[in-house]
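S.K.: What follows is a single structure, and I will ask about it in a moment.
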Amino acid sequence: MPTYRAPVRDTLFVLNDVIGYGNHDNLPGFADASPDIVEAILTEGAKLAENVMQPLNRAGDQEGCTRHDDGSVTTPKGFGDAYRHYCEGGWMGLAVPAEYGGQGLPYTVHSAVGEYLVSANMALMMYPGLTQGAIAAILAHGTDAQKQKWLPKMVEGAWTGTMNLTEPHCGTDLGLLTSKAVPNGDGSYRISGQKIFISAGEHDLSENIIHLVLARIEGAPAGVKGISLFIVPKVAVDEAGALGARNAVSCGAIEEKMGIHGNATCVMNYDAATGYLLGEENGGLKAMFTMMNEARLGVGLQGHAVGEAAYQGAVDYARERLQGRSLSGPKAPDRQADPIIVHPDIRRNLMSMRAFNEAGRALILLTALKSDIAHLSEDAADRQAAEDHLALMTPVIKGVLTDKGFEHAVMAQQVFGGHGYVEEHGMSQFVRDARIAMIYEGANGIQALDLVGRKLPANGGRAVQAFFKEVAEFCEAHRADEAMAPHTKALKKGLNDLQAASLWLVQNAVAKPDNAGAASHDYMHLMGLVALGLMWARMIKVAQDKLAEGADGNASFLEAKIVTGRYFMERVMPETAAHLARISTGADTMMALPAEAF
């Protein structure tokens with residue numbers, strides 16, 4: 001059975017030494033979360049993850065959720081107590097403004113703690129995760145009265161939240177949705193329709209569930225321009241905030257899924273349920289995207305977090321499992337065989353996972369910091385630059401880190417050999433749980449199309465040009481540094497490939513849109529490699545400088561950073577050339593066969 005150890009030390013290294021978290025105490029909330037306080041928060045979050053959430057992960061997977069004949073749903077044993085523990089600790093509102101009962105701390109801190117909790121128990125953490133997304137949408141688009149009515153109980157955790165987009169005939173193309181909203185004449189609406197794949201749609205963890213539902217008001221324009229967003233509570237709430245009668249919304253079924261068994265993924269039926277417009281009429285997609293963009297970063301974190309948990313299990317097993325002898329001679333001559341961690345192929349798996357995990361953590365935390373700057377800074381130029389980073393990196397984080405999270409779960413399973421294929425060792429659960437992150441909140445192919453079709457050309461290419469400049473300036477600044485030269489050379493080669501791919505798209509995608517579609521997956525991963533490579537270059541430079549200053553007792557940690565970063569630059573960054581080569585072939589062969597030939 002896997003165990004989990006929250007990587008607090010690594011998180012603090014990224015926050016304090018790499019991305020300069022402490023340089024932003026001028027932003028609201030940052031002064032209340034100084035580096036020493038952040039360390040204390042992370043330490044407590046680690047305890048919650050390791051001691052409360054993780055022990056329930058396998059049991060929750062085995063037991064799953066149960067729907068009863070009346071439509072109610074029971075979550076796995078222990079989930080209720082763990083959820084209450086989470087809420088009582090104030091974790092739900094860590095980054096929510098204090099006026100609604102939150103702690104008003106930076107989103108960066110919330111993201112750092114979130115990694116630990118998701119690594120420990122992804123399915124359980126989806127319940128508060130969906131709630132926090134709904135909170136963000138109401139904060140951004142709700143009226144003052146709506147915020148006062150709904151948010152305090154959600155922040156407290158007494159009420160949870162969901163997002164309801166997908167319908168049986170309508171997934172990515174939300175313009176096809178048929179759920180309807182009929183005005184009641186008193187400012188409320190009757191919501192009717194069926195939604196599927198609704199995570200946390202029904203459960204026993206909270207006394208109310210606040211559903212955010214996309215529907216079309218009668219007479220609204222066809223397509224996405226006629227979609228509105230509604231607040232639809234499971235239980236009615238009066239003006240005094242007291243719970244009333246049950247609303248006409250019910251769970252018709254629980255989806256039988258490959259993974260995340262501990263989360264209730266529901267078919268939700270709305271039978272003229274009372275709902276309230278959130279945001280502007282026909283502006284539902286814009287309002288929902290507030291929730292979805294945060295959710296996409298959260299899903300990227302899920303992919304990373306499950307990959308980290310799987311990696312830790314693989315390391316523990318590789319240290320203990322005895323099989324064969326090292327190719328260079330016995331490493332444990334007093335034992336019948338050497339531990340498998342001595343074998344190069346096992347090391348390939350472990351080093352690949354570790355190199356992506358450490359860079360992924362840094363990119364997630366940097367992007368979370370940019371989110372704080374975008375929302376909190378008074379400097380317009382800083383806000384714009386941060387917003388550009390968020391726009392460019394959100395599809396990269398969601399797409400690349402979830403692809404890699406699943407790949408790493410499979411790698412970890414491979415380290416276990418046959419033992420990874422049986423349930424008792426827990427690796428198969430990581431594989432099953434990680435798989436969904438590549439699909440929901442916009443399948444990764446959609447993320448790639450969003451990056452190529454929208455984010456690259458936005459504002460005349462301002463965001464991507466700023467990213468090119470950032471990478472190029474780092475390489476130039478350290479070009480004469482002999483210790484950094486191998487790393488900056490590899491990074492610059494990756495940047496050159498990315499720029500060449502971008503130019504190819506400019507020259508070939510406008511006249512032939514299929515070229516953009518055919519290139520998009522490789523382009524997303526190419527940009528991801530360069531973004532992760534930049535994070536590694538920054539981490540390596542910090543580690544080298546700290547070692548030169550005496551290391552302060554952290555020599556082994558810093559030396560391991562440099563070795564892991566070198567592995568990434570030598571063994572992973574060369575993949576940019578393959579991505580460029582595939583991009584440059586265009587769409588002709590990919591699209592050549594007629595549909596009936598398949």
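Convention: chains lettered A, B, ... in structure tokens order; per-chain residue numbering from 1; ligands numbered from 1 as shown.
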Can you check which parts of region 212-310 of chain A lie within 10 Å of region 371-391 of chain A? Per residue, the shortest pair of atoms and distance in Å to one decimal, counting only C-alpha atoms, sorted by chain and number, as a Markdown table.
M.R.:
| residue | atom | partner | partner_atom | distance |
| --- | --- | --- | --- | --- |
| A:Asn293 | CA | A:Ala391 | CA | 9.1 |
| A:Glu294 | CA | A:Ser371 | CA | 9.6 |
| A:Leu297 | CA | A:Leu390 | CA | 9.4 |
S.K.: Would you mind listing what lies within 10 Å of Asp271 (chain A) as a PDB file with C-alpha atoms, in the first residue's frame, with only C-alpha atoms counted and same-chain residues fewer than 2 positions away left out?
M.R.:
ATOM      1  CA  ARG A 190     -37.321  27.207 -13.763  1.00  0.00           C
ATOM      2  CA  ILE A 191     -34.355  25.099 -14.913  1.00  0.00           C
ATOM      3  CA  SER A 192     -35.047  21.902 -16.838  1.00  0.00           C
ATOM      4  CA  GLY A 193     -32.675  19.436 -18.485  1.00  0.00           C
ATOM      5  CA  GLN A 194     -30.206  16.657 -17.842  1.00  0.00           C
ATOM      6  CA  ASN A 247     -35.423  21.788  -4.958  1.00  0.00           C
ATOM      7  CA  ALA A 248     -36.451  19.830  -8.063  1.00  0.00           C
ATOM      8  CA  VAL A 249     -32.932  18.580  -8.790  1.00  0.00           C
ATOM      9  CA  SER A 250     -31.917  14.963  -8.291  1.00  0.00           C
ATOM     10  CA  MET A 268     -28.209  15.218 -12.684  1.00  0.00           C
ATOM     11  CA  ASN A 269     -31.865  15.776 -13.553  1.00  0.00           C
ATOM     12  CA  ALA A 273     -35.780  23.442 -10.470  1.00  0.00           C
ATOM     13  CA  THR A 274     -35.617  26.980  -9.138  1.00  0.00           C
TER      14      THR A 274
END
S.K.: Which residues, written as a PDB file with C-alpha atoms, in the first residue's frame, have at least one atom at most 8 Å from region 199-216 of chain A, with only C-alpha atoms counted and residues fewer than 3 positions away on the same chain left out?
M.R.:
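Below is the file around-v1.pdb, written as the result:
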ATOM      1  CA  SER A  72     -29.226  10.219  -2.219  1.00  0.00           C
ATOM      2  CA  VAL A  73     -25.557   9.261  -2.346  1.00  0.00           C
ATOM      3  CA  THR A  74     -23.288   7.918   0.387  1.00  0.00           C
ATOM      4  CA  THR A  75     -19.559   8.586   0.124  1.00  0.00           C
ATOM      5  CA  PHE A  79     -14.743  10.688   3.896  1.00  0.00           C
ATOM      6  CA  GLY A  80     -17.220  12.647   6.010  1.00  0.00           C
ATOM      7  CA  TYR A  83     -13.989  16.498   4.977  1.00  0.00           C
ATOM      8  CA  MET A 126     -12.564  16.955  -5.717  1.00  0.00           C
ATOM      9  CA  TYR A 127     -15.455  17.824  -3.371  1.00  0.00           C
ATOM     10  CA  LEU A 130     -15.397  21.994  -7.150  1.00  0.00           C
ATOM     11  CA  ALA A 134     -17.956  27.737  -7.694  1.00  0.00           C
ATOM     12  CA  GLY A 157     -17.888  24.015   3.940  1.00  0.00           C
ATOM     13  CA  ALA A 158     -21.464  23.556   5.136  1.00  0.00           C
ATOM     14  CA  TRP A 159     -22.506  23.897   1.488  1.00  0.00           C
ATOM     15  CA  THR A 160     -20.518  22.573  -1.440  1.00  0.00           C
ATOM     16  CA  GLY A 161     -20.567  23.479  -5.144  1.00  0.00           C
ATOM     17  CA  THR A 162     -20.502  21.955  -8.609  1.00  0.00           C
ATOM     18  CA  MET A 163     -20.291  22.978 -12.252  1.00  0.00           C
ATOM     19  CA  ASN A 164     -22.872  21.582 -14.677  1.00  0.00           C
ATOM     20  CA  LEU A 165     -21.984  21.866 -18.346  1.00  0.00           C
ATOM     21  CA  LEU A 177     -26.892  22.332 -25.055  1.00  0.00           C
ATOM     22  CA  THR A 178     -30.670  22.106 -24.638  1.00  0.00           C
ATOM     23  CA  SER A 179     -31.194  22.671 -20.909  1.00  0.00           C
ATOM     24  CA  LYS A 180     -33.682  25.508 -20.670  1.00  0.00           C
ATOM     25  CA  ALA A 181     -34.516  28.284 -18.241  1.00  0.00           C
ATOM     26  CA  ILE A 191     -34.355  25.099 -14.913  1.00  0.00           C
ATOM     27  CA  ALA A 220     -32.166  33.266 -26.435  1.00  0.00           C
ATOM     28  CA  GLY A 226     -27.437  32.274 -25.951  1.00  0.00           C
ATOM     29  CA  ILE A 227     -26.136  30.430 -22.887  1.00  0.00           C
ATOM     30  CA  SER A 228     -26.710  31.735 -19.350  1.00  0.00           C
ATOM     31  CA  LEU A 229     -25.381  30.545 -15.985  1.00  0.00           C
ATOM     32  CA  PHE A 230     -27.617  29.859 -13.013  1.00  0.00           C
ATOM     33  CA  ILE A 231     -27.236  29.171  -9.310  1.00  0.00           C
ATOM     34  CA  VAL A 232     -29.421  26.147  -8.541  1.00  0.00           C
ATOM     35  CA  PRO A 233     -29.335  24.971  -4.913  1.00  0.00           C
ATOM     36  CA  LYS A 234     -30.126  21.389  -3.982  1.00  0.00           C
ATOM     37  CA  VAL A 235     -32.163  22.775  -1.068  1.00  0.00           C
ATOM     38  CA  SER A 250     -31.917  14.963  -8.291  1.00  0.00           C
ATOM     39  CA  CYS A 251     -29.182  12.438  -8.988  1.00  0.00           C
ATOM     40  CA  ASN A 263     -16.019  10.899  -5.981  1.00  0.00           C
ATOM     41  CA  ALA A 264     -19.676  10.762  -6.979  1.00  0.00           C
ATOM     42  CA  THR A 265     -19.826  11.496 -10.710  1.00  0.00           C
ATOM     43  CA  CYS A 266     -23.522  11.953 -11.336  1.00  0.00           C
ATOM     44  CA  VAL A 267     -26.260  12.188 -13.908  1.00  0.00           C
ATOM     45  CA  MET A 268     -28.209  15.218 -12.684  1.00  0.00           C
ATOM     46  CA  ASN A 282     -26.611  35.159 -22.324  1.00  0.00           C
ATOM     47  CA  GLY A 284     -23.067  32.250 -19.110  1.00  0.00           C
ATOM     48  CA  LEU A 285     -20.080  30.932 -20.970  1.00  0.00           C
ATOM     49  CA  MET A 288     -18.477  29.674 -16.403  1.00  0.00           C
TER      50      MET A 288
END
S.K.: Need the shell around Met535 (chain A): protein/DNA/RNA residues with any atom at most 7 Å away, counting only C-alpha atoms. Skip same-chain ones fewer than 3 positions apart. Format as a list in words?
M.R.: Ala359, Ala362, Leu363, Ala531, Leu532, Arg538 and Met539 of chain A
S.K.: Deliver the residues from the most recent selection as a file, using N, CA and C atoms, as a short mmCIF file (atom, residue, chain, number, x, y, z; two decimals), in the first residue's frame.
M.R.:
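New file part35.cif:
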data_model
loop_
_atom_site.label_atom_id
_atom_site.label_comp_id
_atom_site.auth_asym_id
_atom_site.auth_seq_id
_atom_site.Cartn_x
_atom_site.Cartn_y
_atom_site.Cartn_z
N ALA A 359 10.08 20.22 -11.98
CA ALA A 359 9.86 21.37 -12.84
C ALA A 359 8.37 21.72 -12.91
N ALA A 362 7.37 23.76 -9.95
CA ALA A 362 7.84 25.13 -10.08
C ALA A 362 6.96 25.92 -11.04
N LEU A 363 6.56 25.32 -12.16
CA LEU A 363 5.72 26.03 -13.13
C LEU A 363 4.33 26.29 -12.56
N ALA A 531 8.98 25.65 -21.33
CA ALA A 531 8.58 26.26 -20.06
C ALA A 531 9.19 25.51 -18.87
N LEU A 532 9.14 24.19 -18.92
CA LEU A 532 9.73 23.39 -17.84
C LEU A 532 11.24 23.51 -17.86
N ARG A 538 16.42 27.94 -14.08
CA ARG A 538 16.38 28.84 -12.92
C ARG A 538 16.73 28.11 -11.63
N MET A 539 16.21 26.90 -11.48
CA MET A 539 16.50 26.12 -10.27
C MET A 539 17.96 25.73 -10.21
#
S.K.: Measuring between only C-alpha atoms, which one of A:Ala551, A:Met527, A:Ala253, A:Ala137 shows the shortest distance to Ala295 (chain A)?
M.R.: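 When distances to Ala295 (chain A) are compared using only C-alpha atoms, the smallest one comes from A:Ala137.
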S.K.: Quick one: pick out all alpha helix (DSSP H) residues within region 403-525 of chain A from a backbone DSSP run and write them as a count of residues only.
M.R.: 85
S.K.: Find the residues around region 457-473 of chain A up to 7 Å (only C-alpha atoms counted), leave out those fewer than 2 positions away in its own chain, and share them as number ranges by chain.
M.R.: A: 388-389, 392, 454-455, 475-477, 492, 534
S.K.: Expressed in Å to a single decimal, how great is the separation between CA of Ile562 (chain A) and CA of Gln414 (chain A)?
M.R.: 26.1 Å
S.K.: Let me make sure I understand: among A:Val38, A:Ala332, A:Ala483, A:Met411, which one has the smallest atom-to-atom distance to Val542 (chain A) if we use only C-alpha atoms?
M.R.: A:Ala483
S.K.: Under the rule that only C-alpha atoms are counted, which of A:Glu423, A:Asp433, A:Asp10, A:Asp25 is the nearest residue to Ala120 (chain A)?
M.R.: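 Checking each candidate against Ala120 (chain A), we get A:Asp433 as the closest.
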S.K.: How many Å separate CA of Gln336 (chain A) from CA of Asn349 (chain A)?
M.R.: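 If I compute the distance from CA of Gln336 (chain A) to CA of Asn349 (chain A), I get 23.9 Å.
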S.K.: Got a sec: who's within 8 Å of Leu401 (chain A), counting only C-alpha atoms, leaving out chain neighbours fewer than 4 positions off, as a PDB file with all heavy atoms, in the first residue's frame?
M.R.:
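Contents of around-v6.pdb, as written:
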ATOM      1  N   GLY A 300      -4.515  20.497 -13.983  1.00  0.00           N
ATOM      2  CA  GLY A 300      -3.089  20.349 -14.231  1.00  0.00           C
ATOM      3  C   GLY A 300      -2.358  19.959 -12.960  1.00  0.00           C
ATOM      4  O   GLY A 300      -1.474  19.093 -12.965  1.00  0.00           O
ATOM      5  N   LEU A 301      -2.754  20.596 -11.859  1.00  0.00           N
ATOM      6  CA  LEU A 301      -2.167  20.242 -10.566  1.00  0.00           C
ATOM      7  C   LEU A 301      -2.512  18.799 -10.200  1.00  0.00           C
ATOM      8  O   LEU A 301      -1.679  18.081  -9.636  1.00  0.00           O
ATOM      9  CB  LEU A 301      -2.667  21.215  -9.493  1.00  0.00           C
ATOM     10  CG  LEU A 301      -2.059  21.061  -8.097  1.00  0.00           C
ATOM     11  CD1 LEU A 301      -1.898  22.428  -7.432  1.00  0.00           C
ATOM     12  CD2 LEU A 301      -2.912  20.168  -7.211  1.00  0.00           C
ATOM     13  N   GLY A 303      -2.941  16.250 -12.269  1.00  0.00           N
ATOM     14  CA  GLY A 303      -2.052  15.371 -13.025  1.00  0.00           C
ATOM     15  C   GLY A 303      -0.673  15.304 -12.410  1.00  0.00           C
ATOM     16  O   GLY A 303      -0.091  14.222 -12.215  1.00  0.00           O
ATOM     17  N   HIS A 304      -0.153  16.477 -12.069  1.00  0.00           N
ATOM     18  CA  HIS A 304       1.161  16.550 -11.422  1.00  0.00           C
ATOM     19  C   HIS A 304       1.149  15.822 -10.078  1.00  0.00           C
ATOM     20  O   HIS A 304       2.069  15.052  -9.764  1.00  0.00           O
ATOM     21  CB  HIS A 304       1.546  18.018 -11.225  1.00  0.00           C
ATOM     22  CG  HIS A 304       2.586  18.246 -10.185  1.00  0.00           C
ATOM     23  ND1 HIS A 304       3.921  17.989 -10.407  1.00  0.00           N
ATOM     24  CD2 HIS A 304       2.485  18.677  -8.906  1.00  0.00           C
ATOM     25  CE1 HIS A 304       4.603  18.268  -9.311  1.00  0.00           C
ATOM     26  NE2 HIS A 304       3.763  18.677  -8.387  1.00  0.00           N
ATOM     27  N   GLY A 360       7.508  20.694 -12.930  1.00  0.00           N
ATOM     28  CA  GLY A 360       6.070  20.947 -12.951  1.00  0.00           C
ATOM     29  C   GLY A 360       5.610  21.693 -11.714  1.00  0.00           C
ATOM     30  O   GLY A 360       4.788  22.611 -11.795  1.00  0.00           O
ATOM     31  N   VAL A 396      -1.156  24.833 -21.327  1.00  0.00           N
ATOM     32  CA  VAL A 396       0.076  24.045 -21.224  1.00  0.00           C
ATOM     33  C   VAL A 396       0.083  23.242 -19.927  1.00  0.00           C
ATOM     34  O   VAL A 396       0.373  22.035 -19.911  1.00  0.00           O
ATOM     35  CB  VAL A 396       1.311  24.956 -21.318  1.00  0.00           C
ATOM     36  CG1 VAL A 396       2.589  24.181 -21.014  1.00  0.00           C
ATOM     37  CG2 VAL A 396       1.395  25.599 -22.698  1.00  0.00           C
ATOM     38  N   ILE A 397      -0.235  23.901 -18.826  1.00  0.00           N
ATOM     39  CA  ILE A 397      -0.254  23.210 -17.532  1.00  0.00           C
ATOM     40  C   ILE A 397      -1.318  22.119 -17.527  1.00  0.00           C
ATOM     41  O   ILE A 397      -1.068  20.983 -17.106  1.00  0.00           O
ATOM     42  CB  ILE A 397      -0.477  24.221 -16.389  1.00  0.00           C
ATOM     43  CG1 ILE A 397       0.806  25.033 -16.173  1.00  0.00           C
ATOM     44  CG2 ILE A 397      -0.895  23.523 -15.101  1.00  0.00           C
ATOM     45  CD1 ILE A 397       0.661  26.154 -15.172  1.00  0.00           C
ATOM     46  N   GLY A 405       1.362  13.289 -16.141  1.00  0.00           N
ATOM     47  CA  GLY A 405       0.949  12.652 -14.895  1.00  0.00           C
ATOM     48  C   GLY A 405       0.488  11.229 -15.119  1.00  0.00           C
ATOM     49  O   GLY A 405       0.837  10.309 -14.371  1.00  0.00           O
TER      50      GLY A 405
END
S.K.: Please identify all polymer residues within 12 Å of Tyr86 (chain A), counting only C-alpha atoms, omitting same-chain residues fewer than 5 positions from it, and present them as a list in words.
M.R.: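 After dropping sequence-adjacent residues, the list is Glu44, Gly45, Lys47, Leu48, Ala49, Asn51, Val52, Met53, Phe79, Gly80, Asp81, Trp91, Met92, Gly93, Leu94, Val113, Gly114, Leu117, Leu124, Met125, Tyr127, Pro128, Gly129, Val155, Glu156, Gly157, Ala158 and Leu205 of chain A.
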S.K.: Go through A:Ile346, A:Met484, A:Met393, A:Ala46 one by one, measure the shortest atom-to-atom distance of each to Ala368 (chain A) using only C-alpha atoms, and give the residue with the smallest value.
M.R.: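 The closest residue to Ala368 (chain A) is A:Met393.
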